[in-house]
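Enquirer: Dropping in final26.txt, which is compact mmCIF, C-alpha atoms:
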```txt
# COMPACT_ATOMS: atom_id res chain seq x y z
CA MET A 1 13.98 -34.73 -14.16
CA VAL A 2 15.25 -38.25 -13.48
CA ALA A 3 18.99 -38.89 -13.50
CA PRO A 4 20.11 -41.47 -16.09
CA ASP A 5 21.23 -44.91 -15.00
CA HIS A 6 24.94 -45.06 -14.25
CA THR A 7 26.57 -48.25 -15.48
CA SER A 8 30.21 -48.16 -14.49
CA ARG A 9 31.03 -51.84 -14.89
CA ILE A 10 30.50 -52.26 -18.63
CA THR A 11 32.88 -54.76 -20.18
CA GLY A 12 33.99 -55.24 -23.75
CA GLN A 13 33.55 -58.97 -23.89
CA GLU A 14 34.37 -59.49 -27.53
CA ALA A 15 36.48 -57.49 -29.96
CA ILE A 16 36.61 -59.15 -33.37
CA ILE A 17 38.37 -58.15 -36.58
CA LYS A 18 36.90 -59.66 -39.73
CA ALA A 19 38.50 -59.72 -43.16
CA GLY A 20 36.59 -61.77 -45.71
CA ASP A 21 35.77 -65.08 -44.03
CA GLN A 22 38.52 -64.82 -41.40
CA GLU A 23 37.83 -63.59 -37.88
CA ILE A 24 40.28 -62.98 -35.05
CA ALA A 25 39.72 -61.86 -31.47
CA VAL A 26 41.92 -59.01 -30.24
CA THR A 27 42.87 -58.10 -26.67
CA ASN A 28 41.70 -54.48 -26.51
CA VAL A 29 40.09 -51.88 -28.79
CA SER A 30 39.96 -48.11 -28.33
CA PHE A 31 38.35 -45.82 -30.87
CA SER A 32 37.12 -42.26 -31.20
CA ILE A 33 34.55 -40.43 -33.29
CA ASP A 34 35.64 -36.85 -33.95
CA PRO A 35 33.33 -34.36 -35.67
CA GLN A 36 35.30 -31.81 -37.69
CA SER A 37 34.01 -28.26 -37.82
CA THR A 38 34.82 -24.83 -39.11
CA ASP A 39 33.72 -21.31 -38.17
CA VAL A 40 31.41 -19.47 -40.55
CA GLN A 41 30.42 -15.84 -40.07
CA THR A 42 27.44 -14.98 -42.19
CA ASP A 43 26.33 -11.72 -40.63
CA GLN A 44 27.77 -8.73 -38.80
CA SER A 45 28.11 -10.65 -35.51
CA MET A 46 31.48 -11.41 -33.97
CA LYS A 47 30.11 -14.78 -32.89
CA PRO A 48 30.82 -17.61 -35.34
CA THR A 49 28.38 -20.21 -36.52
CA LEU A 50 29.94 -23.66 -36.13
CA VAL A 51 29.47 -25.87 -39.18
CA THR A 52 30.17 -29.59 -39.10
CA THR A 53 32.33 -30.43 -42.11
CA GLY A 54 33.03 -34.12 -41.54
CA LEU A 55 33.46 -37.05 -39.20
CA ARG A 56 36.75 -38.83 -38.50
CA TYR A 57 37.02 -42.28 -36.98
CA SER A 58 40.29 -43.56 -35.58
CA GLY A 59 41.63 -45.80 -32.87
CA SER A 60 43.87 -48.67 -31.97
CA PHE A 61 43.68 -52.31 -31.00
CA GLU A 62 46.05 -54.62 -29.18
CA TYR A 63 46.90 -58.21 -29.96
CA ASP A 64 48.89 -60.39 -27.58
CA GLY A 65 51.19 -63.09 -28.92
CA GLY A 66 52.66 -63.60 -32.38
CA GLN A 67 51.85 -60.98 -34.96
CA ASP A 68 51.90 -63.18 -38.09
CA VAL A 69 48.21 -64.14 -37.96
CA ILE A 70 46.98 -60.58 -37.49
CA ARG A 71 49.54 -59.14 -39.92
CA ASN A 72 48.35 -61.56 -42.62
CA LEU A 73 44.77 -60.48 -41.92
CA MET A 74 45.55 -56.74 -42.08
CA PHE A 75 48.02 -56.55 -45.02
CA TYR A 76 48.16 -57.98 -48.54
CA SER A 77 50.87 -60.54 -49.22
CA ALA A 78 52.74 -61.12 -52.49
CA GLY A 79 50.49 -62.65 -55.15
CA GLU A 80 47.31 -62.25 -53.09
CA SER A 81 45.79 -59.59 -55.32
CA ASP A 82 46.26 -58.29 -58.87
CA TYR A 83 45.29 -54.81 -57.69
CA HIS A 84 47.21 -54.40 -54.42
CA GLU A 85 50.92 -54.49 -53.62
CA ALA A 86 52.43 -56.74 -50.96
CA GLY A 87 52.42 -54.83 -47.66
CA GLU A 88 49.50 -52.58 -48.59
CA PRO A 89 46.86 -52.40 -45.81
CA LYS A 90 43.58 -54.23 -46.38
CA ARG A 91 40.20 -52.73 -45.54
CA VAL A 92 38.46 -54.86 -42.92
CA THR A 93 35.45 -54.75 -40.60
CA MET A 94 35.82 -54.67 -36.82
CA THR A 95 33.07 -55.38 -34.29
CA VAL A 96 33.18 -54.68 -30.57
CA LYS A 97 30.51 -56.18 -28.32
CA GLU A 98 29.76 -54.51 -24.98
CA GLU A 99 28.07 -56.48 -22.22
CA ALA A 100 25.89 -55.18 -19.40
CA PRO A 101 27.46 -54.98 -15.94
CA GLU A 102 24.74 -57.23 -14.54
CA GLU A 103 21.73 -59.22 -15.70
CA GLY A 104 18.75 -57.01 -16.61
CA ALA A 105 20.65 -53.69 -16.56
CA ALA A 106 19.16 -50.82 -18.55
CA GLY A 107 20.97 -49.04 -21.34
CA GLY A 108 20.46 -51.17 -24.45
CA PHE A 109 22.84 -54.01 -23.61
CA PRO A 110 24.32 -56.00 -25.07
CA ARG A 111 25.30 -53.65 -27.89
CA THR A 112 27.69 -54.00 -30.77
CA TRP A 113 29.86 -51.34 -32.37
CA THR A 114 30.69 -51.97 -36.01
CA LEU A 115 33.66 -50.18 -37.55
CA GLU A 116 33.73 -50.45 -41.35
CA GLU A 117 36.53 -50.01 -43.86
CA VAL A 118 39.16 -50.17 -41.11
CA GLN A 119 42.66 -49.56 -42.45
CA VAL A 120 45.85 -49.93 -40.39
CA THR A 121 47.97 -46.76 -40.19
CA GLY A 122 50.68 -47.94 -37.78
CA LEU A 123 52.09 -50.81 -35.75
CA SER A 124 54.01 -50.79 -32.46
CA ARG A 125 55.50 -54.09 -31.28
CA ASP A 126 56.54 -54.94 -27.70
CA VAL A 127 58.69 -58.04 -27.15
CA PRO A 128 59.64 -58.18 -23.45
CA SER A 129 62.12 -60.77 -22.22
CA ASP A 130 59.89 -61.88 -19.34
CA ASP A 131 56.29 -61.48 -20.55
CA VAL A 132 53.96 -62.02 -23.51
CA ALA A 133 54.80 -60.22 -26.76
CA SER A 134 52.12 -57.82 -27.94
CA SER A 135 51.33 -55.46 -30.79
CA SER A 136 49.41 -52.20 -30.83
CA TRP A 137 47.84 -51.35 -34.18
CA ASP A 138 46.61 -47.83 -35.03
CA PHE A 139 43.80 -47.47 -37.56
CA ASP A 140 41.44 -45.12 -39.34
CA CYS A 141 38.03 -46.19 -40.60
CA GLU A 142 35.27 -44.81 -42.78
CA ASP A 143 32.18 -45.52 -40.68
CA ALA A 144 31.15 -46.52 -37.18
CA TYR A 145 27.72 -47.37 -35.86
CA VAL A 146 26.20 -49.03 -32.84
CA SER A 147 23.32 -51.50 -32.62
CA SER A 148 21.48 -52.71 -29.55
CA GLY A 149 18.25 -54.55 -28.97
CA GLY A 150 17.63 -54.81 -32.70
CA VAL A 151 17.87 -51.03 -33.22
CA THR A 152 20.75 -49.63 -35.25
CA GLY A 153 21.92 -46.05 -34.90
CA ALA A 154 24.17 -45.14 -37.83
CA SER A 155 26.61 -42.34 -37.29
CA SER A 156 27.14 -41.33 -40.88
CA ARG A 157 24.89 -43.41 -43.10
```
Re-express the file's structure as structure tokens.
Expert:
Amino acid sequence: MVAPDHTSRITGQEAIIKAGDQEIAVTNVSFSIDPQSTDVQTDQSMKPTLVTTGLRYSGSFEYDGGQDVIRNLMFYSAGESDYHEAGEPKRVTMTVKEEAPEEGAAGGFPRTWTLEEVQVTGLSRDVPSDDVASSSWDFDCEDAYVSSGGVTGASSR
């Protein structure tokens, strides 16, 4: 058995949030894919059968600088929609592109993660007196999938 290639220097070159026609680059994105499960016992055994009951996607992204541009992209403003209240979170798409650590590296690089129906669930703002202001935005989303080399692997489609 051959050990898989170890690529420890992968970088996230681009992290983009897209709402409608607007795109904005963010500083950092972290996200997780969490299968939910429950125990089912269908026979006389004490050992449970694990059943997957759902998938949850969540994470956060950071944005350095003023928050007005990103806030306007992530939340509805007054008069923007007949169906949504001012301050209600929008549903947007986020893409994260990962680059190979070096030219010609194995592992399906570059690859792009697409997070769909992203909705902000929280905001933390840091305004230091001697450095750049930044915001950390928590989110949930409905779907996440990765594509590389023209092949797409959907996680829940």
Enquirer: Please, what distance in Å, to one decimal, runs between CA of Leu115 (chain A) and CA of Asp82 (chain A)?
Expert: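 So the two atoms, CA of Leu115 (chain A) and CA of Asp82 (chain A), lie 26.1 Å apart.
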Enquirer: Please provide the set of residues having any atom within 6 Å of region 132-148 of chain A, restricted to all atoms listed in the file, with same-chain residues fewer than 3 positions apart removed, written as a PyMOL selection string.
Expert: chain A and resi 57-65+108+111-127+151-155
Enquirer: Just checking: using only C-alpha atoms, which residue out of A:Asp39, A:Val26, A:Gly66, A:Asp34 ends up closest to Gly54 (chain A)?
Expert: A:Asp34
Enquirer: One number please: CA of Val69 (chain A) to CA of Ile33 (chain A), in Å, one decimal.
Expert: 27.8 Å
Enquirer: Nearest to Val96 (chain A): which of A:Thr52, A:Gln22, A:Gln36, A:Pro110 is it, counting all atoms listed in the file?
Expert: A:Pro110
Enquirer: In Å, how far is it from CA of Glu88 (chain A) to CA of Ala19 (chain A)?
Expert: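 Computing it gives 14.2 Å between the two atoms.
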Enquirer: Rank nothing, just name the residue among A:Asp131, A:Thr27, A:Phe109, A:Glu85 nearest to Lys97 (chain A), using only C-alpha atoms.
Expert: A:Phe109
Enquirer: From the options A:Thr95, A:Lys18, A:Asp43, A:Pro48, which residue's atoms come nearest to Asn72 (chain A), counting all atoms listed in the file?
Expert: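 Among the listed residues, the smallest separation from Asn72 (chain A) belongs to A:Lys18.
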Enquirer: Using only C-alpha atoms, which residue out of A:Ser129, A:Thr49, A:Ser81, A:Met74 lies closest to Met94 (chain A)?
Expert: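 Selected residue with least distance to Met94 (chain A): A:Met74.
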